[in-house]
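**Q** Provided herewith is a single structure, encoded as structure tokens, for subsequent inquiry.
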Amino acid sequence: MTAIVGESGSGKTTLARLFLGLITPSTGEVLYNGTDLRKLQRDDRRAFLRDVQMIFQDPYEVYNPFYKVDHVLETPITEFKLASGQQARRALIHESLRAVGLRPDETLGRYPHSSAAASASGSWSRGRSCCGRG
């Protein structure tokens, strides 16, 4: 894992957008496995998006308050085909939550901002990223 830190206005967001391929550099190139991000084909772009993800400083800003934790964790697993079937998805979610110190029975079925999930916001953020990366 790599962290980008710096003062407000130092270019952290711009750099992250460059790394994610959301903006193109005015000069030079951003490479992923030796390939310019602008030239990635569909399968390579999916692999890139599976491997490179942004975790925001304030985890509450990124969660839709209408979705429960289950939905937030199942989405990347389904999108990136990290598990086949509901039972395999649930097992991966449980494993990922435990890996970051959260108890599935206290976390699942709740909203990210609820007291049980919110009390471990740092772990919750890592849990989401853990599932998203596979």
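Ligands are numbered from 1 in the order shown, chains are lettered A, B, ... in the order of the structure tokens, and residues start at 1 in each chain.
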So which residues touch stretch 84-90 of chain A within 10 Å, counting only C-alpha atoms, skipping near sequence neighbours fewer than 6 positions away, as a ChimeraX atom specification?
**A** /A:70,73-75,77-78,96,104,131
**Q** Which of these residues is nearest to A:Val69, using only C-alpha atoms: A:Gly109, A:Gly28, A:Gly21, A:Gly6?
**A**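 That would be A:Gly109, the residue with the smallest distance to A:Val69.
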**Q** So what do you get for atom CA of A:Ala91 versus atom CA of A:His71, distance-wise?
**A**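 The value is 14.3 Å.
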**Q** Fewer than 4 positions away in the same chain doesn't count, so skip those; otherwise give me all residues within 10 Å of A:Phe19, counting only C-alpha atoms, as a short mmCIF file (atom, residue, chain, number, x, y, z; two decimals) with all heavy atoms, in the first residue's frame.
**A**
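The new file part12.cif reads:
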```
data_model
loop_
_atom_site.label_atom_id
_atom_site.label_comp_id
_atom_site.auth_asym_id
_atom_site.auth_seq_id
_atom_site.Cartn_x
_atom_site.Cartn_y
_atom_site.Cartn_z
N THR A 13 -4.67 15.35 -4.45
CA THR A 13 -5.82 14.91 -5.24
C THR A 13 -5.47 14.86 -6.72
O THR A 13 -5.85 13.91 -7.41
CB THR A 13 -7.03 15.84 -4.99
OG1 THR A 13 -7.36 15.80 -3.60
CG2 THR A 13 -8.22 15.43 -5.82
N THR A 14 -4.75 15.84 -7.19
CA THR A 14 -4.34 15.85 -8.60
C THR A 14 -3.47 14.63 -8.91
O THR A 14 -3.66 13.95 -9.92
CB THR A 14 -3.58 17.14 -8.95
OG1 THR A 14 -4.44 18.25 -8.69
CG2 THR A 14 -3.14 17.16 -10.40
N LEU A 15 -2.53 14.34 -8.03
CA LEU A 15 -1.67 13.18 -8.21
C LEU A 15 -2.48 11.89 -8.20
O LEU A 15 -2.28 11.01 -9.05
CB LEU A 15 -0.61 13.15 -7.11
CG LEU A 15 0.48 12.10 -7.23
CD1 LEU A 15 1.26 12.27 -8.53
CD2 LEU A 15 1.43 12.20 -6.04
N ILE A 23 -7.43 11.92 -15.06
CA ILE A 23 -6.94 13.05 -15.84
C ILE A 23 -5.64 12.62 -16.51
O ILE A 23 -4.97 11.71 -16.05
CB ILE A 23 -6.73 14.33 -14.98
CG1 ILE A 23 -5.72 14.08 -13.86
CG2 ILE A 23 -8.05 14.83 -14.42
CD1 ILE A 23 -5.39 15.32 -13.04
N THR A 24 -5.32 13.27 -17.61
CA THR A 24 -4.09 12.92 -18.32
C THR A 24 -3.02 13.95 -18.01
O THR A 24 -3.31 15.15 -17.85
CB THR A 24 -4.32 12.84 -19.83
OG1 THR A 24 -4.84 14.08 -20.28
CG2 THR A 24 -5.30 11.74 -20.19
N PRO A 25 -1.78 13.51 -17.93
CA PRO A 25 -0.70 14.45 -17.64
C PRO A 25 -0.47 15.39 -18.82
O PRO A 25 -0.67 15.01 -19.98
CB PRO A 25 0.51 13.54 -17.42
CG PRO A 25 0.19 12.26 -18.11
CD PRO A 25 -1.31 12.13 -18.09
N GLU A 29 4.01 10.43 -18.93
CA GLU A 29 3.01 9.37 -18.96
C GLU A 29 2.92 8.71 -17.60
O GLU A 29 3.84 8.79 -16.79
CB GLU A 29 3.38 8.34 -20.03
CG GLU A 29 4.75 7.75 -19.86
CD GLU A 29 5.21 6.92 -21.06
OE1 GLU A 29 4.51 6.85 -22.08
OE2 GLU A 29 6.28 6.32 -20.94
N VAL A 30 1.80 8.06 -17.36
CA VAL A 30 1.60 7.28 -16.14
C VAL A 30 1.51 5.83 -16.60
O VAL A 30 0.66 5.48 -17.42
CB VAL A 30 0.31 7.68 -15.39
CG1 VAL A 30 0.11 6.82 -14.16
CG2 VAL A 30 0.36 9.16 -15.02
N LEU A 31 2.41 4.99 -16.09
CA LEU A 31 2.49 3.60 -16.52
C LEU A 31 1.91 2.65 -15.48
O LEU A 31 2.07 2.85 -14.29
CB LEU A 31 3.95 3.21 -16.78
CG LEU A 31 4.71 4.04 -17.79
CD1 LEU A 31 6.15 3.57 -17.88
CD2 LEU A 31 4.04 4.00 -19.15
N TYR A 32 1.28 1.61 -15.97
CA TYR A 32 0.80 0.50 -15.13
C TYR A 32 1.31 -0.77 -15.78
O TYR A 32 0.99 -1.06 -16.94
CB TYR A 32 -0.73 0.50 -15.06
CG TYR A 32 -1.29 -0.73 -14.39
CD1 TYR A 32 -1.18 -0.90 -13.02
CD2 TYR A 32 -1.92 -1.72 -15.13
CE1 TYR A 32 -1.69 -2.02 -12.41
CE2 TYR A 32 -2.43 -2.84 -14.52
CZ TYR A 32 -2.31 -2.98 -13.17
OH TYR A 32 -2.81 -4.10 -12.55
N LEU A 37 -1.40 4.40 -19.12
CA LEU A 37 -2.81 4.26 -18.73
C LEU A 37 -3.76 4.60 -19.88
O LEU A 37 -4.82 3.99 -20.02
CB LEU A 37 -3.14 5.16 -17.54
CG LEU A 37 -2.62 4.74 -16.18
CD1 LEU A 37 -3.10 5.72 -15.12
CD2 LEU A 37 -3.04 3.33 -15.83
N VAL A 52 -5.65 -0.87 -8.23
CA VAL A 52 -5.36 0.49 -7.79
C VAL A 52 -6.67 1.16 -7.38
O VAL A 52 -7.55 1.36 -8.21
CB VAL A 52 -4.68 1.31 -8.91
CG1 VAL A 52 -4.41 2.73 -8.47
CG2 VAL A 52 -3.40 0.62 -9.36
N GLN A 53 -6.78 1.47 -6.10
CA GLN A 53 -7.99 2.11 -5.60
C GLN A 53 -7.63 3.20 -4.62
O GLN A 53 -6.61 3.14 -3.95
CB GLN A 53 -8.89 1.08 -4.92
CG GLN A 53 -9.37 0.03 -5.87
CD GLN A 53 -10.25 -0.99 -5.18
OE1 GLN A 53 -10.74 -0.76 -4.09
NE2 GLN A 53 -10.45 -2.10 -5.83
N MET A 54 -8.49 4.16 -4.54
CA MET A 54 -8.29 5.29 -3.66
C MET A 54 -9.06 5.07 -2.36
O MET A 54 -10.21 4.64 -2.39
CB MET A 54 -8.82 6.55 -4.36
CG MET A 54 -8.23 7.81 -3.97
SD MET A 54 -8.46 8.91 -5.39
CE MET A 54 -8.74 10.42 -4.61
#
```
**Q** Quick one: of A:Leu102, A:Leu97, A:Leu49, A:Leu18, who's nearest to A:Pro76, counting only C-alpha atoms?
**A** A:Leu49
**Q** Between atom CA of A:Arg42 and atom CA of A:Leu20, what is the distance, to one decimal in Å?
**A**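 So the answer is 14.8 Å.
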